[in-house]
file model_30.txt (compact mmCIF, C-alpha atoms)
# COMPACT_ATOMS: atom_id res chain seq x y z
CA MET N 18 59.45 14.63 10.22
CA ASN N 19 58.23 11.14 9.39
CA CYS N 20 57.13 10.77 12.97
CA ILE N 21 54.87 13.88 12.70
CA HIS N 22 53.35 12.51 9.48
CA ASN N 23 52.65 9.19 11.18
CA TYR N 24 50.96 10.93 14.12
CA THR N 25 48.80 13.10 11.79
CA GLY N 26 47.73 10.05 9.79
CA ALA N 27 46.87 8.12 12.94
CA LEU N 28 44.91 11.10 14.32
CA ILE N 29 42.85 11.45 11.12
CA LEU N 30 42.12 7.71 11.14
CA LEU N 31 41.03 7.91 14.78
CA LEU N 32 38.72 10.89 14.07
CA ILE N 33 37.12 9.09 11.10
CA THR N 34 36.59 5.98 13.27
CA ILE N 35 34.93 8.05 16.03
CA MET N 36 32.70 9.87 13.50
CA LEU N 37 31.59 6.59 11.90
CA PHE N 38 30.92 5.11 15.34
CA LEU N 39 28.80 8.12 16.40
CA ALA N 40 26.90 8.17 13.09
CA GLY N 41 26.05 4.49 13.56
CA CYS N 42 24.98 5.05 17.17
CA GLY N 43 22.17 7.47 16.26
CA ASP N 44 20.10 4.87 14.46
CA THR N 45 20.65 1.85 16.63
CA THR N 46 18.48 2.85 19.60
CA TYR N 47 15.74 0.21 19.87
CA MET N 48 16.30 -0.70 16.22
CA GLN N 49 14.44 -4.02 16.56
CA GLY N 50 11.41 -2.21 17.98
CA LYS N 51 11.59 0.40 15.23
CA ARG N 52 11.59 -2.31 12.55
CA LEU N 53 8.52 -3.95 14.12
CA TYR N 54 6.82 -0.55 14.44
CA VAL N 55 7.44 0.34 10.79
CA VAL N 56 5.98 -2.95 9.54
CA ASN N 57 3.05 -3.34 11.94
CA CYS N 58 2.09 0.00 13.48
CA GLN N 59 3.24 2.86 11.25
CA ASN N 60 0.51 2.43 8.63
CA CYS N 61 -2.08 3.72 11.11
CA HIS N 62 -0.12 5.55 13.82
CA MET N 63 2.10 7.18 11.15
CA GLU N 64 5.87 7.55 10.98
CA ASP N 65 5.82 10.50 13.39
CA GLY N 66 3.30 8.86 15.75
CA SER N 67 0.74 11.57 15.00
CA GLY N 68 -2.17 9.20 14.21
CA LEU N 69 -5.21 10.52 12.33
CA GLY N 70 -7.42 13.10 14.04
CA GLY N 71 -9.85 11.46 16.44
CA LEU N 72 -9.82 8.23 14.43
CA ILE N 73 -6.39 6.89 15.31
CA PRO N 74 -4.83 8.15 18.56
CA ALA N 75 -1.57 10.09 18.40
CA LEU N 76 1.07 8.22 20.38
CA SER N 77 2.86 11.40 21.43
CA SER N 78 -0.17 12.59 23.43
CA SER N 79 -1.51 9.20 24.48
CA ALA N 80 -2.04 8.60 28.17
CA GLN N 81 -1.55 4.87 27.53
CA ILE N 82 2.17 5.03 26.82
CA GLY N 83 5.11 5.62 29.16
CA SER N 84 5.35 2.15 30.71
CA ALA N 85 4.86 -1.49 29.71
CA ASP N 86 1.13 -1.22 30.49
CA PHE N 87 0.09 -0.96 26.83
CA SER N 88 1.54 -4.42 26.09
CA CYS N 89 -1.99 -5.84 26.45
CA ILE N 90 -3.32 -3.41 23.81
CA ILE N 91 -0.62 -4.58 21.37
CA LYS N 92 -1.32 -8.25 22.11
CA ASN N 93 -5.13 -8.17 22.15
CA GLY N 94 -6.00 -5.02 20.19
CA LEU N 95 -8.99 -2.86 21.00
CA ASN N 96 -11.95 -4.52 19.41
CA ASP N 97 -14.70 -2.76 21.26
CA THR N 98 -15.79 0.86 21.42
CA ILE N 99 -12.72 3.02 21.92
CA PHE N 100 -12.88 6.21 23.91
CA GLN N 101 -10.29 8.93 24.30
CA ASP N 102 -11.12 11.86 26.55
CA SER N 103 -14.79 10.80 26.26
CA THR N 104 -14.64 11.10 22.45
CA TYR N 105 -15.90 8.04 20.60
CA LEU N 106 -13.33 6.70 18.17
CA LEU N 107 -14.59 4.77 15.19
CA LYS N 108 -11.66 2.59 14.24
CA GLU N 109 -10.76 -0.50 16.19
CA MET N 110 -7.18 -1.60 16.71
CA PRO N 111 -6.26 -5.07 15.46
CA SER N 112 -4.64 -7.60 17.78
CA PHE N 113 -1.05 -8.79 17.34
CA LYS N 114 -1.24 -12.20 19.00
CA LYS N 115 1.67 -13.44 16.89
CA PHE N 116 4.13 -11.25 18.82
CA SER N 117 6.35 -12.82 21.47
CA ALA N 118 7.02 -11.05 24.78
CA THR N 119 10.46 -10.14 23.39
CA GLU N 120 8.96 -8.48 20.31
CA ILE N 121 6.41 -6.60 22.44
CA THR N 122 9.25 -5.43 24.72
CA ASN N 123 11.10 -4.11 21.69
CA ILE N 124 8.05 -2.19 20.45
CA VAL N 125 7.22 -0.86 23.93
CA ASN N 126 10.76 0.47 24.36
CA TYR N 127 10.90 2.01 20.87
CA VAL N 128 7.51 3.74 21.30
CA ASN N 129 8.22 4.95 24.83
CA HIS N 130 11.74 6.11 23.94
CA THR N 131 10.43 8.01 20.91
CA TRP N 132 7.21 9.53 22.25
CA ALA N 133 6.79 9.17 26.03
CA LYS N 134 7.61 12.24 28.12
CA ASP N 135 9.58 10.36 30.75
CA PHE N 136 11.32 7.34 29.32
CA LYS N 137 12.09 4.34 31.48
CA GLU N 138 13.29 1.16 29.81
CA SER N 139 11.00 -1.86 30.26
CA THR N 140 12.48 -5.32 30.67
CA ILE N 141 11.03 -8.51 29.27
CA LEU N 142 10.03 -9.41 32.86
CA ASP N 143 7.99 -6.17 33.11
CA VAL N 144 6.20 -7.02 29.86
CA GLU N 145 5.58 -10.65 30.83
CA LYS N 146 4.10 -9.50 34.16
CA VAL N 147 1.69 -7.13 32.35
CA LEU N 148 0.75 -9.78 29.76
CA ASN N 149 -0.05 -12.31 32.50
CA GLU N 150 -2.55 -9.87 33.96
CA CYS N 151 -4.32 -8.77 30.75
CA PRO N 152 -8.08 -8.39 31.17
CA MET P 23 23.05 36.71 -41.05
CA ASN P 24 21.40 35.30 -44.15
CA PRO P 25 17.77 36.65 -44.37
CA LYS P 26 16.52 33.10 -45.03
CA ILE P 27 18.06 31.91 -41.76
CA HIS P 28 16.49 34.91 -40.03
CA LEU P 29 13.10 33.90 -41.37
CA LEU P 30 13.66 30.30 -40.33
CA PHE P 31 14.40 31.46 -36.76
CA ILE P 32 11.25 33.57 -36.63
CA VAL P 33 9.02 30.81 -38.05
CA THR P 34 10.50 28.23 -35.64
CA PHE P 35 10.01 30.60 -32.69
CA LEU P 36 6.38 31.36 -33.56
CA THR P 37 5.54 27.71 -34.24
CA PHE P 38 7.02 26.59 -30.94
CA PHE P 39 5.31 29.20 -28.78
CA SER P 40 1.94 29.10 -30.51
CA CYS P 41 1.71 25.33 -29.87
CA SER P 42 2.91 25.35 -26.28
CA PRO P 43 0.35 25.49 -23.48
CA LYS P 44 0.37 28.75 -21.54
CA SER P 45 3.12 28.80 -18.97
CA GLY P 46 1.80 27.43 -15.66
CA ASP P 47 -1.39 25.91 -17.13
CA LEU P 48 -2.30 22.48 -15.80
CA PRO P 49 -2.68 19.73 -18.41
CA TYR P 50 -5.93 17.85 -19.07
CA LEU P 51 -5.31 14.27 -17.99
CA GLY P 52 -6.73 11.35 -19.94
CA GLU P 53 -7.67 10.96 -23.56
CA THR P 54 -8.48 14.03 -25.63
CA VAL P 55 -10.47 13.53 -28.84
CA VAL P 56 -11.03 16.07 -31.59
CA GLU P 57 -14.56 16.35 -32.96
CA ASN P 58 -15.35 18.89 -35.67
CA GLY P 59 -12.07 20.60 -34.89
CA ILE P 60 -12.91 20.95 -31.19
CA GLU P 61 -10.80 19.25 -28.52
CA ILE P 62 -12.90 17.22 -26.06
CA HIS P 63 -11.06 16.29 -22.87
CA HIS P 64 -11.76 13.33 -20.61
CA LYS P 65 -14.35 13.96 -17.87
CA VAL P 66 -15.11 12.04 -14.66
CA GLY P 67 -18.28 9.89 -14.75
CA GLN P 68 -21.76 10.81 -13.55
CA PHE P 69 -22.53 10.42 -9.86
CA ALA P 70 -25.38 11.18 -7.47
CA HIS P 71 -24.34 10.20 -3.95
CA LEU P 72 -25.42 11.13 -0.43
CA ASN P 73 -22.97 12.91 1.85
CA GLN P 74 -22.53 12.47 5.61
CA ASP P 75 -25.48 14.84 6.19
CA SER P 76 -27.77 12.97 3.76
CA VAL P 77 -27.49 15.78 1.20
CA LEU P 78 -27.41 14.77 -2.48
CA VAL P 79 -24.07 15.59 -4.09
CA ASP P 80 -23.81 15.18 -7.86
CA ASN P 81 -21.82 16.47 -10.84
CA LYS P 82 -24.09 19.53 -11.13
CA LYS P 83 -23.48 20.57 -7.52
CA MET P 84 -19.73 19.98 -7.88
CA SER P 85 -19.62 22.09 -11.07
CA GLU P 86 -19.64 25.16 -8.82
CA TYR P 87 -16.29 24.19 -7.32
CA ILE P 88 -12.92 22.73 -8.09
CA TYR P 89 -12.42 19.70 -5.89
CA ILE P 90 -9.97 17.17 -4.53
CA ALA P 91 -11.22 13.56 -4.68
CA ASP P 92 -10.20 10.16 -3.39
CA PHE P 93 -11.73 6.69 -2.90
CA PHE P 94 -11.58 4.90 0.46
CA PHE P 95 -13.65 2.93 3.00
CA THR P 96 -13.78 3.47 6.74
CA SER P 97 -12.73 -0.06 7.74
CA CYS P 98 -9.82 -0.16 5.26
CA PRO P 99 -6.79 -1.49 7.14
CA SER P 100 -4.20 -0.95 4.41
CA ILE P 101 -3.40 2.32 2.60
CA CYS P 102 -6.45 4.42 3.61
CA PRO P 103 -5.09 5.94 6.86
CA LYS P 104 -1.98 7.15 5.02
CA VAL P 105 -3.97 8.58 2.12
CA MET P 106 -6.46 10.17 4.55
CA LYS P 107 -3.55 11.78 6.41
CA GLU P 108 -2.47 13.46 3.15
CA MET P 109 -6.10 14.49 2.48
CA THR P 110 -6.17 16.20 5.89
CA LYS P 111 -3.00 18.13 4.96
CA ILE P 112 -4.68 19.28 1.73
CA TYR P 113 -7.83 20.15 3.73
CA ASP P 114 -5.75 22.31 6.09
CA ALA P 115 -4.19 24.09 3.10
CA VAL P 116 -7.50 24.90 1.33
CA LYS P 117 -10.04 25.14 4.15
CA ASP P 118 -10.34 28.93 3.87
CA GLU P 119 -10.74 28.89 0.10
CA PRO P 120 -14.52 28.98 -0.64
CA ASN P 121 -14.21 27.67 -4.22
CA VAL P 122 -12.51 24.40 -3.24
CA LYS P 123 -14.14 21.25 -1.80
CA LEU P 124 -12.87 17.80 -0.87
CA VAL P 125 -14.78 14.64 -1.77
CA SER P 126 -14.11 11.12 -0.48
CA PHE P 127 -16.16 8.33 -2.07
CA THR P 128 -16.61 5.13 -0.06
CA LEU P 129 -16.10 1.88 -1.97
CA ASP P 130 -17.98 -0.03 0.74
CA PRO P 131 -21.49 1.48 0.95
CA LYS P 132 -22.86 -1.64 2.67
CA ARG P 133 -20.84 -0.88 5.81
CA ASP P 134 -20.35 2.86 5.21
CA ASP P 135 -23.84 4.30 5.42
CA VAL P 136 -24.59 7.98 6.03
CA ALA P 137 -24.45 7.57 9.83
CA LYS P 138 -21.07 5.88 9.76
CA LEU P 139 -19.61 8.49 7.40
CA LYS P 140 -20.93 11.23 9.69
CA LEU P 141 -19.18 9.62 12.65
CA TYR P 142 -15.99 9.24 10.62
CA ALA P 143 -16.09 12.92 9.55
CA ASN P 144 -16.82 14.02 13.12
CA ASN P 145 -13.86 12.06 14.42
CA LEU P 146 -11.64 13.52 11.75
CA GLY P 147 -12.70 16.94 13.05
CA ILE P 148 -13.44 18.51 9.66
CA ASP P 149 -15.99 21.04 8.38
CA HIS P 150 -18.90 19.04 6.90
CA ASN P 151 -19.61 21.76 4.35
CA LYS P 152 -16.06 21.65 3.08
CA TRP P 153 -15.34 17.93 2.87
CA TYR P 154 -18.02 15.53 1.65
CA PHE P 155 -17.89 11.82 2.46
CA LEU P 156 -20.10 10.19 -0.16
CA THR P 157 -21.96 6.89 -0.24
CA GLY P 158 -23.90 5.47 -3.19
CA ASP P 159 -24.40 2.36 -5.28
CA LYS P 160 -21.36 0.06 -4.94
CA ASP P 161 -21.01 -1.04 -8.57
CA ALA P 162 -21.58 2.50 -9.85
CA THR P 163 -18.88 3.78 -7.47
CA LEU P 164 -16.40 1.12 -8.59
CA GLU P 165 -17.03 2.15 -12.21
CA LEU P 166 -16.86 5.81 -11.28
CA ALA P 167 -13.42 5.26 -9.70
CA ASN P 168 -12.05 4.19 -13.09
CA THR P 169 -13.08 7.52 -14.61
CA PHE P 170 -11.00 9.20 -11.87
CA PHE P 171 -8.10 6.89 -12.92
CA VAL P 172 -8.37 5.03 -9.62
CA ALA P 173 -8.16 1.23 -9.90
CA ALA P 174 -10.80 -0.22 -7.54
CA PHE P 175 -12.42 -3.63 -7.35
CA GLU P 176 -13.93 -6.04 -4.87
CA ASP P 177 -11.50 -8.78 -3.81
CA ALA P 178 -12.27 -11.20 -1.00
CA ASN P 179 -8.53 -11.78 -0.50
CA ALA P 180 -7.67 -8.06 -0.16
CA PRO P 181 -7.45 -6.48 3.30
CA GLY P 182 -10.96 -5.23 4.09
CA GLY P 183 -12.46 -6.80 0.93
CA PHE P 184 -11.50 -4.13 -1.62
CA ASP P 185 -8.39 -3.49 -3.64
CA HIS P 186 -7.81 0.09 -4.69
CA SER P 187 -5.10 2.58 -5.50
CA GLY P 188 -4.47 5.62 -3.30
CA LYS P 189 -4.53 8.38 -5.90
CA ILE P 190 -5.72 11.85 -4.93
CA LEU P 191 -7.19 13.77 -7.88
CA LEU P 192 -7.76 17.43 -8.65
CA ILE P 193 -10.96 18.00 -10.67
CA ASP P 194 -11.91 21.29 -12.31
CA LYS P 195 -15.41 22.83 -12.47
CA GLU P 196 -16.05 21.19 -15.84
CA GLY P 197 -15.24 17.72 -14.48
CA HIS P 198 -11.79 17.34 -16.07
CA VAL P 199 -8.96 15.68 -14.16
CA ARG P 200 -6.20 18.30 -13.96
CA SER P 201 -3.66 16.88 -11.52
CA PHE P 202 -3.09 13.93 -9.21
CA SER P 203 -0.83 12.77 -6.42
CA GLU P 204 -0.05 9.41 -4.88
CA GLY P 205 -1.71 9.60 -1.47
CA THR P 206 0.71 7.04 -0.07
CA ASP P 207 3.67 9.33 -0.72
CA PRO P 208 3.70 12.45 1.50
CA GLU P 209 6.29 14.06 -0.79
CA ASN P 210 3.62 14.31 -3.52
CA THR P 211 1.27 16.44 -1.43
CA PRO P 212 2.86 19.92 -1.73
CA LYS P 213 2.64 19.70 -5.54
CA ILE P 214 -1.10 19.01 -5.63
CA ILE P 215 -1.67 21.83 -3.12
CA ALA P 216 0.28 24.13 -5.46
CA ASP P 217 -1.80 22.83 -8.40
CA VAL P 218 -5.04 23.78 -6.59
CA ALA P 219 -3.74 27.37 -6.41
CA LYS P 220 -2.77 27.26 -10.11
CA LEU P 221 -6.22 26.01 -11.13
CA LEU P 222 -7.97 28.65 -9.01
CA GLU P 223 -5.80 31.31 -10.63
CA SER P 224 -6.77 30.11 -14.12
CA TYR P 225 -10.47 30.74 -13.30
CA LYS P 226 -9.69 34.24 -12.03
CA SER P 227 -8.00 35.15 -15.32
CA LYS P 228 -10.96 33.89 -17.42

call {"tool": "encode", "arguments": {"input": "model_30.txt", "output": "structure tokens"}}
result
Amino acid sequence: MNCIHNYTGALILLLITIMLFLAGCGDTTYMQGKRLYVVNCQNCHMEDGSGLGGLIPALSSSAQIGSADFSCIIKNGLNDTIFQDSTYLLKEMPSFKKFSATEITNIVNYVNHTWAKDFKESTILDVEKVLNECP
Amino acid sequence: MNPKIHLLFIVTFLTFFSCSPKSGDLPYLGETVVENGIEIHHKVGQFAHLNQDSVLVDNKKMSEYIYIADFFFTSCPSICPKVMKEMTKIYDAVKDEPNVKLVSFTLDPKRDDVAKLKLYANNLGIDHNKWYFLTGDKDATLELANTFFVAAFEDANAPGGFDHSGKILLIDKEGHVRSFSEGTDPENTPKIIADVAKLLESYKSK
């Protein structure tokens, strides 16, 4: 009888451990990138990446995302006239020169994982390669 | 029950309900003064600004509508995009209601001239007859903001050169402030949309 009680207790403990582990897993995907996004990008691109009409591009429908190619936009901003589907956009995007290649990799992966249609993880080498070839 | 207690109940009941505002009525925000027995509620200040189509918009024109107002500037890098996002949600909710307008005053008329506001409105994709983006004298606009209970002042150290709060206000046809929301908090927005409907209803029953 004691043996059955011990097994039941152990099983409950195991289930609770698995549940806690799974609950923790949900929020840890590209957490570093998410933190950087919330502090530096979310104010304009919004929490859900929807942007603001034709003024601030929505990330979910942006042709720029999906790879590490937009690393240069993060690093240097868009300070000139911005076009999207031949529509003139008024607001310019500030540069984030303070970011290291690691931080840019984190943002790139968070943004692509959250909004790109086909997600492929970028490595720091991918980002460094793009940054070395920025216009 | 003792008749005196009965009477006390009735008097208390009548006193309470005769003093309470009608159920569902929006309050008048700001100071109310009583002159010659008449209550005078706070009103927003006088303005005569140009909109994105160079049309003069003033208190007289706005007295035909109830309107939602905010203060912003197009190059604002801080709270403005968030507040503007909430304004677009309100716009979507009221765009088919002919008695409601939206008004956004720029705090930075030097950079935000009529042409720039027109471009901004075009890019936002809104109806220019529904949502006015207004430019006028800078100092007058900063003073005007205070009458809308929006703190706004020039500050060289602030992002973009101006410090301001992100309140969104609901103004009635008489120029009284009847409701507000914090434009930086999306959870506030459904309430002010509901308050627009309440205010419209109060005009229908007059």

call {"tool": "atom_distance", "arguments": {"input": "model_30.txt", "atom1": "atom CA of P:Cys102", "atom2": "atom CA of P:Asp207"}}
result
12.1 Å

call {"tool": "residues_around", "arguments": {"input": "model_30.txt", "residues": "P:Glu53", "least_positions_apart": "2", "cutoff": "9 Å", "atoms": "only C-alpha atoms", "output": "PyMOL selection string"}}
result
chain P and resi 50-51+55+62-64

call {"tool": "closest_atom_pairs", "arguments": {"input": "model_30.txt", "of": "chain P", "to": "chain N", "cutoff": "12 Å", "atoms": "all atoms listed in the file", "output": "tab-separated table"}}
result
residue	atom	partner	partner_atom	distance
P:Phe95	CA	N:Lys108	CA	11.4
P:Thr96	CA	N:Lys108	CA	7.8
P:Ser97	CA	N:Lys108	CA	7.1
P:Cys98	CA	N:Lys108	CA	9.6
P:Pro99	CA	N:Cys61	CA	8.1
P:Ser100	CA	N:Asn60	CA	7.2
P:Ile101	CA	N:Asn60	CA	7.2
P:Cys102	CA	N:Cys61	CA	8.7
P:Pro103	CA	N:Cys61	CA	5.7
P:Lys104	CA	N:Asn60	CA	6.4
P:Val105	CA	N:Asn60	CA	10.0
P:Met106	CA	N:Leu69	CA	7.9
P:Lys107	CA	N:Leu69	CA	6.3
P:Glu108	CA	N:Leu69	CA	10.0
P:Met109	CA	N:Leu69	CA	10.7
P:Thr110	CA	N:Leu69	CA	8.6
P:Lys111	CA	N:Leu69	CA	10.8
P:Asp134	CA	N:Leu107	CA	11.7
P:Ala137	CA	N:Leu107	CA	11.6
P:Lys138	CA	N:Leu107	CA	8.5
P:Leu139	CA	N:Leu107	CA	10.0
P:Lys140	CA	N:Leu107	CA	10.6
P:Leu141	CA	N:Leu107	CA	7.1
P:Tyr142	CA	N:Leu107	CA	6.5
P:Ala143	CA	N:Leu72	CA	9.2
P:Asn144	CA	N:Gly71	CA	8.1
P:Asn145	CA	N:Gly71	CA	4.5
P:Leu146	CA	N:Gly70	CA	4.8
P:Gly147	CA	N:Gly70	CA	6.6
P:Ile148	CA	N:Gly70	CA	9.2
P:Thr206	CA	N:Asn60	CA	9.8
P:Pro208	CA	N:Glu64	CA	10.9

call {"tool": "closest_residue", "arguments": {"input": "model_30.txt", "among": "N:Cys151, N:Ala80, N:Leu95, N:Leu53", "to": "N:Thr119", "atoms": "only C-alpha atoms"}}
result
N:Leu53

call {"tool": "atom_distance", "arguments": {"input": "model_30.txt", "atom1": "atom CA of N:Asp86", "atom2": "atom CA of N:Leu148"}}
result
8.6 Å

call {"tool": "atom_distance", "arguments": {"input": "model_30.txt", "atom1": "atom CA of P:Phe94", "atom2": "atom CA of N:Ile90"}}
result
26.1 Å

call {"tool": "residues_around", "arguments": {"input": "model_30.txt", "residues": "N:Ser79", "least_positions_apart": "4", "cutoff": "10 Å", "atoms": "all atoms listed in the file", "output": "PyMOL selection string"}}
result
chain N and resi 66+74-75+83+101+132-133

call {"tool": "residues_around", "arguments": {"input": "model_30.txt", "residues": "P:Thr128", "least_positions_apart": "2", "cutoff": "12 Å", "atoms": "all atoms listed in the file", "output": "ChimeraX atom specification"}}
result
/P:71-74,91-98,102,125-126,130-136,138-139,142,154-164,166-167,174,184,186

call {"tool": "closest_residue", "arguments": {"input": "model_30.txt", "among": "N:Asp65, N:Lys146, N:Met48, N:Ser112", "to": "N:Ser78", "atoms": "all atoms listed in the file"}}
result
N:Asp65

call {"tool": "closest_residue", "arguments": {"input": "model_30.txt", "among": "N:Phe136, N:Lys92, N:Lys51, N:Val128", "to": "N:Asn149", "atoms": "all atoms listed in the file"}}
result
N:Lys92

call {"tool": "residues_around", "arguments": {"input": "model_30.txt", "residues": "N:Thr122", "least_positions_apart": "4", "cutoff": "8 Å", "atoms": "all atoms listed in the file", "output": "MDAnalysis selection string"}}
result
chainID N and resid 50 85 88 118 126 139:141 144

call {"tool": "build_atoms", "arguments": {"input": "model_30.txt", "residues": "stretch 202-228 of chain P", "atoms": "N, CA and C atoms", "output": "mmCIF file, keeping the file's coordinate frame"}}
result
data_model
loop_
_atom_site.group_PDB
_atom_site.id
_atom_site.type_symbol
_atom_site.label_atom_id
_atom_site.label_comp_id
_atom_site.auth_asym_id
_atom_site.auth_seq_id
_atom_site.Cartn_x
_atom_site.Cartn_y
_atom_site.Cartn_z
ATOM 1 N N PHE P 202 -2.902 15.027 -10.182
ATOM 2 C CA PHE P 202 -3.090 13.930 -9.210
ATOM 3 C C PHE P 202 -1.833 13.783 -8.361
ATOM 4 N N SER P 203 -2.007 13.124 -7.222
ATOM 5 C CA SER P 203 -0.830 12.770 -6.420
ATOM 6 C C SER P 203 -1.039 11.365 -5.876
ATOM 7 N N GLU P 204 0.055 10.720 -5.509
ATOM 8 C CA GLU P 204 -0.050 9.410 -4.880
ATOM 9 C C GLU P 204 -0.230 9.657 -3.387
ATOM 10 N N GLY P 205 -1.390 9.312 -2.878
ATOM 11 C CA GLY P 205 -1.710 9.600 -1.470
ATOM 12 C C GLY P 205 -0.846 8.848 -0.480
ATOM 13 N N THR P 206 -0.160 7.808 -0.974
ATOM 14 C CA THR P 206 0.710 7.040 -0.070
ATOM 15 C C THR P 206 2.102 7.663 0.031
ATOM 16 N N ASP P 207 2.345 8.707 -0.747
ATOM 17 C CA ASP P 207 3.670 9.330 -0.720
ATOM 18 C C ASP P 207 3.550 10.803 -0.278
ATOM 19 N N PRO P 208 3.866 11.084 0.981
ATOM 20 C CA PRO P 208 3.700 12.450 1.500
ATOM 21 C C PRO P 208 4.468 13.493 0.686
ATOM 22 N N GLU P 209 5.510 13.083 -0.006
ATOM 23 C CA GLU P 209 6.290 14.060 -0.790
ATOM 24 C C GLU P 209 5.516 14.588 -1.989
ATOM 25 N N ASN P 210 4.454 13.867 -2.390
ATOM 26 C CA ASN P 210 3.620 14.310 -3.520
ATOM 27 C C ASN P 210 2.676 15.458 -3.143
ATOM 28 N N THR P 211 2.363 15.567 -1.852
ATOM 29 C CA THR P 211 1.270 16.440 -1.430
ATOM 30 C C THR P 211 1.496 17.940 -1.710
ATOM 31 N N PRO P 212 2.686 18.486 -1.447
ATOM 32 C CA PRO P 212 2.860 19.920 -1.730
ATOM 33 C C PRO P 212 2.574 20.296 -3.183
ATOM 34 N N LYS P 213 2.857 19.382 -4.119
ATOM 35 C CA LYS P 213 2.640 19.700 -5.540
ATOM 36 C C LYS P 213 1.151 19.842 -5.840
ATOM 37 N N ILE P 214 0.333 18.915 -5.306
ATOM 38 C CA ILE P 214 -1.100 19.010 -5.630
ATOM 39 C C ILE P 214 -1.720 20.228 -4.941
ATOM 40 N N ILE P 215 -1.192 20.602 -3.776
ATOM 41 C CA ILE P 215 -1.670 21.830 -3.120
ATOM 42 C C ILE P 215 -1.329 23.044 -4.001
ATOM 43 N N ALA P 216 -0.128 23.039 -4.557
ATOM 44 C CA ALA P 216 0.280 24.130 -5.460
ATOM 45 C C ALA P 216 -0.589 24.132 -6.716
ATOM 46 N N ASP P 217 -0.963 22.929 -7.196
ATOM 47 C CA ASP P 217 -1.800 22.830 -8.400
ATOM 48 C C ASP P 217 -3.217 23.358 -8.160
ATOM 49 N N VAL P 218 -3.721 23.211 -6.926
ATOM 50 C CA VAL P 218 -5.040 23.780 -6.590
ATOM 51 C C VAL P 218 -4.970 25.300 -6.784
ATOM 52 N N ALA P 219 -3.907 25.907 -6.278
ATOM 53 C CA ALA P 219 -3.740 27.370 -6.410
ATOM 54 C C ALA P 219 -3.643 27.781 -7.882
ATOM 55 N N LYS P 220 -2.917 26.975 -8.674
ATOM 56 C CA LYS P 220 -2.770 27.260 -10.110
ATOM 57 C C LYS P 220 -4.126 27.220 -10.804
ATOM 58 N N LEU P 221 -4.907 26.174 -10.482
ATOM 59 C CA LEU P 221 -6.220 26.010 -11.130
ATOM 60 C C LEU P 221 -7.164 27.149 -10.731
ATOM 61 N N LEU P 222 -7.132 27.529 -9.455
ATOM 62 C CA LEU P 222 -7.970 28.650 -9.010
ATOM 63 C C LEU P 222 -7.595 29.913 -9.767
ATOM 64 N N GLU P 223 -6.306 30.123 -9.937
ATOM 65 C CA GLU P 223 -5.800 31.310 -10.630
ATOM 66 C C GLU P 223 -6.292 31.330 -12.077
ATOM 67 N N SER P 224 -6.345 30.146 -12.712
ATOM 68 C CA SER P 224 -6.770 30.110 -14.120
ATOM 69 C C SER P 224 -8.238 30.530 -14.263
ATOM 70 N N TYR P 225 -9.071 30.305 -13.228
ATOM 71 C CA TYR P 225 -10.470 30.740 -13.300
ATOM 72 C C TYR P 225 -10.575 32.261 -13.096
ATOM 73 N N LYS P 226 -9.667 32.779 -12.271
ATOM 74 C CA LYS P 226 -9.690 34.240 -12.030
ATOM 75 C C LYS P 226 -9.351 35.006 -13.291
ATOM 76 N N SER P 227 -8.449 34.419 -14.127
ATOM 77 C CA SER P 227 -8.000 35.150 -15.320
ATOM 78 C C SER P 227 -8.951 34.949 -16.507
ATOM 79 N N LYS P 228 -10.036 34.120 -16.306
ATOM 80 C CA LYS P 228 -10.960 33.890 -17.420
ATOM 81 C C LYS P 228 -11.959 35.035 -17.547
#
